[in-house]
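Heads up, final32.cif below (mmCIF, C-alpha atoms and all ligand atoms):
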```cif
data_coords
loop_
_atom_site.label_atom_id
_atom_site.label_comp_id
_atom_site.auth_asym_id
_atom_site.auth_seq_id
_atom_site.Cartn_x
_atom_site.Cartn_y
_atom_site.Cartn_z
CA MET A 34 -49.87 -33.97 -20.56
CA ALA A 35 -53.65 -33.86 -20.72
CA ILE A 36 -55.38 -35.24 -23.79
CA VAL A 37 -58.91 -34.16 -24.69
CA LYS A 38 -61.17 -35.56 -27.35
CA VAL A 39 -63.23 -33.17 -29.48
CA HIS A 40 -65.52 -34.91 -31.95
CA ASP A 41 -63.30 -37.52 -33.64
CA LYS A 42 -59.91 -35.91 -32.88
CA SER A 43 -57.46 -35.95 -29.95
CA PHE A 44 -55.81 -32.77 -28.73
CA GLU A 45 -53.00 -32.30 -26.18
CA THR A 46 -52.34 -29.38 -23.83
CA PHE A 47 -50.29 -26.75 -25.61
CA ILE A 48 -50.58 -23.47 -23.67
CA SER A 49 -51.64 -23.56 -20.01
CA GLU A 50 -54.29 -21.32 -18.49
CA GLU A 51 -51.65 -19.57 -16.39
CA THR A 52 -49.41 -18.84 -19.38
CA ILE A 53 -52.35 -17.49 -21.38
CA GLN A 54 -53.51 -15.25 -18.54
CA GLN A 55 -50.02 -13.91 -17.94
CA ARG A 56 -49.54 -13.07 -21.60
CA VAL A 57 -52.99 -11.45 -21.93
CA LYS A 58 -52.08 -9.24 -18.99
CA GLU A 59 -48.80 -8.29 -20.70
CA LEU A 60 -50.60 -7.43 -23.95
CA ALA A 61 -53.07 -5.23 -22.03
CA GLY A 62 -50.10 -3.57 -20.32
CA MET A 63 -48.55 -2.67 -23.69
CA ILE A 64 -51.86 -1.28 -24.94
CA ASN A 65 -52.35 0.74 -21.74
CA LYS A 66 -48.95 2.29 -22.31
CA ASP A 67 -49.30 2.91 -26.05
CA TYR A 68 -52.79 4.43 -25.73
CA ALA A 69 -52.32 6.39 -22.49
CA GLY A 70 -54.71 9.36 -22.50
CA GLU A 71 -56.59 8.00 -25.53
CA ARG A 72 -59.88 6.16 -25.91
CA PRO A 73 -59.46 3.40 -28.48
CA LEU A 74 -62.32 1.36 -29.92
CA PHE A 75 -61.75 -2.40 -29.78
CA ILE A 76 -63.46 -4.43 -32.49
CA ALA A 77 -63.51 -8.05 -31.40
CA ILE A 78 -64.08 -10.63 -34.09
CA LEU A 79 -66.59 -13.29 -33.13
CA ASN A 80 -66.90 -16.09 -32.38
CA GLY A 81 -63.34 -17.14 -31.56
CA SER A 82 -62.10 -13.99 -29.84
CA PHE A 83 -64.85 -13.62 -27.23
CA MET A 84 -62.80 -15.04 -24.35
CA PHE A 85 -59.56 -13.30 -25.27
CA ALA A 86 -61.40 -9.98 -25.77
CA ALA A 87 -63.09 -10.28 -22.37
CA ASP A 88 -59.85 -11.08 -20.52
CA LEU A 89 -57.87 -8.40 -22.37
CA PHE A 90 -60.56 -5.79 -21.67
CA LYS A 91 -60.52 -6.56 -17.94
CA HIS A 92 -56.86 -5.57 -17.73
CA LEU A 93 -57.25 -2.22 -19.47
CA THR A 94 -56.79 0.84 -17.28
CA ILE A 95 -57.35 3.37 -20.09
CA GLU A 96 -60.81 4.42 -21.30
CA ALA A 97 -61.90 2.13 -24.11
CA ASP A 98 -64.94 1.14 -26.15
CA ILE A 99 -65.61 -2.33 -27.48
CA CYS A 100 -67.91 -3.74 -30.14
CA PHE A 101 -68.23 -7.14 -31.77
CA ILE A 102 -68.51 -8.28 -35.34
CA LYS A 103 -68.73 -11.71 -36.88
CA LEU A 104 -66.53 -12.87 -39.72
CA ALA A 105 -65.96 -16.49 -40.61
CA SER A 106 -63.82 -18.29 -43.16
CA TYR A 107 -63.48 -21.67 -41.46
CA LYS A 108 -65.45 -24.88 -41.72
CA GLY A 109 -64.15 -27.80 -39.67
CA MET A 110 -60.35 -27.67 -39.80
CA LYS A 111 -59.81 -25.96 -43.16
CA SER A 112 -60.25 -22.36 -44.20
CA SER A 113 -63.13 -22.22 -46.68
CA GLY A 114 -61.39 -19.27 -48.32
CA LYS A 115 -64.63 -17.29 -48.32
CA VAL A 116 -65.07 -14.60 -45.72
CA VAL A 117 -68.65 -14.20 -44.58
CA THR A 118 -69.85 -11.29 -42.47
CA SER A 119 -72.91 -12.13 -40.47
CA ILE A 120 -73.04 -9.39 -37.84
CA GLY A 121 -72.17 -6.02 -39.30
CA LEU A 122 -70.33 -3.08 -37.88
CA GLU A 123 -72.59 -0.28 -36.67
CA GLU A 124 -69.94 2.02 -35.22
CA ASP A 125 -68.66 5.03 -37.15
CA LEU A 126 -64.87 4.71 -37.24
CA PHE A 127 -64.05 8.14 -38.61
CA GLY A 128 -61.18 9.69 -36.62
CA LYS A 129 -61.13 6.84 -34.10
CA GLN A 130 -58.22 4.78 -32.89
CA VAL A 131 -59.27 1.26 -33.72
CA ILE A 132 -57.79 -1.99 -32.41
CA ILE A 133 -58.97 -5.24 -33.99
CA VAL A 134 -59.05 -8.18 -31.55
CA GLU A 135 -58.49 -11.53 -33.26
CA ASP A 136 -58.13 -14.98 -31.71
CA ILE A 137 -55.73 -16.31 -34.33
CA VAL A 138 -54.16 -15.17 -37.57
CA ASP A 139 -53.60 -18.18 -39.81
CA THR A 140 -53.44 -17.41 -43.58
CA GLY A 141 -54.29 -13.76 -42.87
CA LYS A 142 -57.11 -13.88 -45.40
CA THR A 143 -59.92 -12.93 -43.01
CA LEU A 144 -58.29 -9.68 -41.94
CA HIS A 145 -56.81 -9.01 -45.36
CA ASN A 146 -60.35 -8.92 -46.78
CA PHE A 147 -61.81 -7.00 -43.90
CA LEU A 148 -59.23 -4.24 -43.26
CA PRO A 149 -59.94 -2.24 -46.46
CA LYS A 150 -63.60 -2.02 -45.40
CA LEU A 151 -62.52 -0.47 -42.12
CA MET A 152 -59.91 1.83 -43.71
CA HIS A 153 -62.66 3.15 -45.97
CA GLN A 154 -64.21 4.78 -42.89
CA GLN A 155 -60.96 6.69 -42.24
CA PRO A 156 -60.11 5.75 -38.68
CA LYS A 157 -57.28 7.79 -37.11
CA SER A 158 -55.30 4.58 -36.63
CA LEU A 159 -55.86 0.87 -37.07
CA LYS A 160 -53.93 -1.82 -35.21
CA ILE A 161 -54.36 -5.53 -34.68
CA VAL A 162 -53.98 -7.54 -31.49
CA ALA A 163 -53.95 -11.31 -32.08
CA LEU A 164 -53.63 -13.88 -29.33
CA LEU A 165 -52.13 -16.48 -31.67
CA HIS A 166 -50.25 -16.23 -34.93
CA LYS A 167 -49.07 -19.04 -37.21
CA PRO A 168 -46.19 -17.43 -39.14
CA GLU A 169 -45.71 -20.53 -41.36
CA ALA A 170 -49.31 -20.38 -42.58
CA ILE A 171 -49.41 -16.74 -43.61
CA GLU A 172 -50.45 -16.12 -47.23
CA TYR A 173 -51.67 -12.56 -46.86
CA PRO A 174 -49.02 -10.64 -44.89
CA LEU A 175 -50.43 -8.34 -42.22
CA GLU A 176 -48.87 -5.99 -39.73
CA LEU A 177 -49.72 -7.39 -36.30
CA SER A 178 -49.02 -4.81 -33.61
CA TYR A 179 -49.52 -7.13 -30.64
CA VAL A 180 -49.16 -10.93 -30.74
CA GLY A 181 -49.66 -13.22 -27.76
CA PHE A 182 -47.95 -16.35 -29.04
CA GLU A 183 -46.37 -17.39 -32.33
CA ILE A 184 -47.29 -21.03 -32.81
CA PRO A 185 -46.53 -23.81 -35.33
CA ASN A 186 -48.89 -24.50 -38.21
CA LYS A 187 -51.05 -27.02 -36.35
CA PHE A 188 -54.77 -26.85 -35.58
CA VAL A 189 -55.58 -25.63 -32.07
CA VAL A 190 -58.73 -25.48 -29.93
CA GLY A 191 -59.73 -23.96 -26.60
CA TYR A 192 -59.92 -20.52 -25.02
CA GLY A 193 -62.64 -19.49 -27.48
CA LEU A 194 -61.36 -21.49 -30.46
CA ASP A 195 -63.49 -24.39 -31.67
CA TYR A 196 -63.34 -27.52 -33.74
CA ASP A 197 -66.71 -27.74 -35.44
CA GLY A 198 -68.44 -25.88 -32.65
CA LEU A 199 -66.83 -27.65 -29.68
CA GLY A 200 -63.85 -26.91 -27.42
CA ARG A 201 -64.41 -23.17 -26.99
CA ASN A 202 -64.95 -23.58 -23.24
CA PHE A 203 -61.48 -24.98 -22.44
CA LYS A 204 -59.39 -22.65 -20.27
CA GLU A 205 -56.20 -23.91 -21.93
CA ILE A 206 -55.20 -24.08 -25.60
CA TYR A 207 -54.84 -27.58 -27.06
CA GLN A 208 -53.03 -28.72 -30.19
CA LEU A 209 -54.03 -31.52 -32.52
CA VAL A 210 -52.11 -34.73 -31.68
P1 LIG B 301 -57.20 -16.74 -41.54
O1 LIG B 301 -58.18 -15.93 -42.34
O2 LIG B 301 -56.08 -15.92 -40.94
O3 LIG B 301 -56.67 -17.90 -42.34
O4 LIG B 301 -57.99 -17.45 -40.38
C1 LIG B 301 -58.50 -16.74 -39.33
C2 LIG B 301 -59.61 -17.49 -38.64
O5 LIG B 301 -59.56 -18.89 -38.89
C3 LIG B 301 -59.49 -17.34 -37.15
O6 LIG B 301 -60.16 -16.20 -36.70
C4 LIG B 301 -60.09 -18.63 -36.64
O7 LIG B 301 -61.47 -18.48 -36.51
C5 LIG B 301 -59.80 -19.64 -37.74
N1 LIG B 301 -58.60 -20.46 -37.42
C6 LIG B 301 -57.38 -20.39 -37.97
N2 LIG B 301 -56.54 -21.31 -37.46
C7 LIG B 301 -57.25 -21.98 -36.53
C8 LIG B 301 -56.92 -23.05 -35.61
O8 LIG B 301 -55.81 -23.59 -35.53
N3 LIG B 301 -57.93 -23.48 -34.80
C9 LIG B 301 -59.17 -22.93 -34.83
N4 LIG B 301 -60.06 -23.42 -33.99
N5 LIG B 301 -59.52 -21.92 -35.67
C10 LIG B 301 -58.56 -21.46 -36.50
#
```
Re-express the file's structure as structure tokens.
Ligand code: 5GP
Amino acid sequence: MAIVKVHDKSFETFISEETIQQRVKELAGMINKDYAGERPLFIAILNGSFMFAADLFKHLTIEADICFIKLASYKGMKSSGKVVTSIGLEEDLFGKQVIIVEDIVDTGKTLHNFLPKLMHQQPKSLKIVALLHKPEAIEYPLELSYVGFEIPNKFVVGYGLDYDGLGRNFKEIYQLV
């Protein structure tokens, strides 16, 4: 098992590149089926979801739009509890079928705070696709329509996810040792 060091911490391989890619393809397949004949708008949440959003989007065969927003509630390895928006949403969501793309749902707080803002614009539908979900960590229950992997409540990095800015470039997902 490969060990990588990020800042002061050691991480071990947790989900391989091949397994991630296979699952991303499956998630895209489900979305292609569920939204056949439609044109959903994907809202990818930066920074963490950039890699997942790009790979997911490549496997879509339906017509789809994508835009990016930035929300952050993490500093280092702990949720700061405060959700900060630094790049706003310019799209008008009225009557649209919206799919939020999230790297990981941990406590659920980020999306819990953000969803009412989106619902206010009266989209036709609003679903969430999350690559990772930590069921044991959830404090704000959310309906997740598509989940890549349910994982234990341990800090992970890689495939877009960082530890204090580093580790986003790894093709695999690593778990704290
Ligand atoms: P939540 O609001 O659900 O507690 O946290 C969501 C955000 O926290 C994610 O979008 C992600 O940026 C960050 N996060 C949660 N768990 C982890 C983790 O294990 N590793 C990393 N790198 N970020 C995480």
Please, what distance in Å, to one decimal, runs between CA of Leu144 in chain A and CA of Tyr196 in chain A?
20.3 Å
Give the answer as one residue: which of A:Asn146, A:Thr140, A:Gln55, A:Asn80 has the shortest atom-to-atom distance to ligand LIG 301 (chain B), using all atoms listed in the file?
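Among the listed residues, the smallest separation from ligand LIG 301 (chain B) belongs to A:Thr140.
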For CA of Asp88 in chain A and CA of Val134 in chain A, determine how far apart the two atoms are, in Å to one decimal place.
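So the answer is 11.4 Å.
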Select all residues near (-56.2, -26.7, -25.0) (cut-off 8 Å, inclusive, file coordinates), counting all atoms listed in the file, and output them as a list in words.
Val37, Phe44, Glu45, Thr46, Phe47, Ile48, Ser49, Val189, Val190, Gly191, Tyr192, Phe203, Lys204, Glu205, Ile206, Tyr207 and Gln208 of chain A
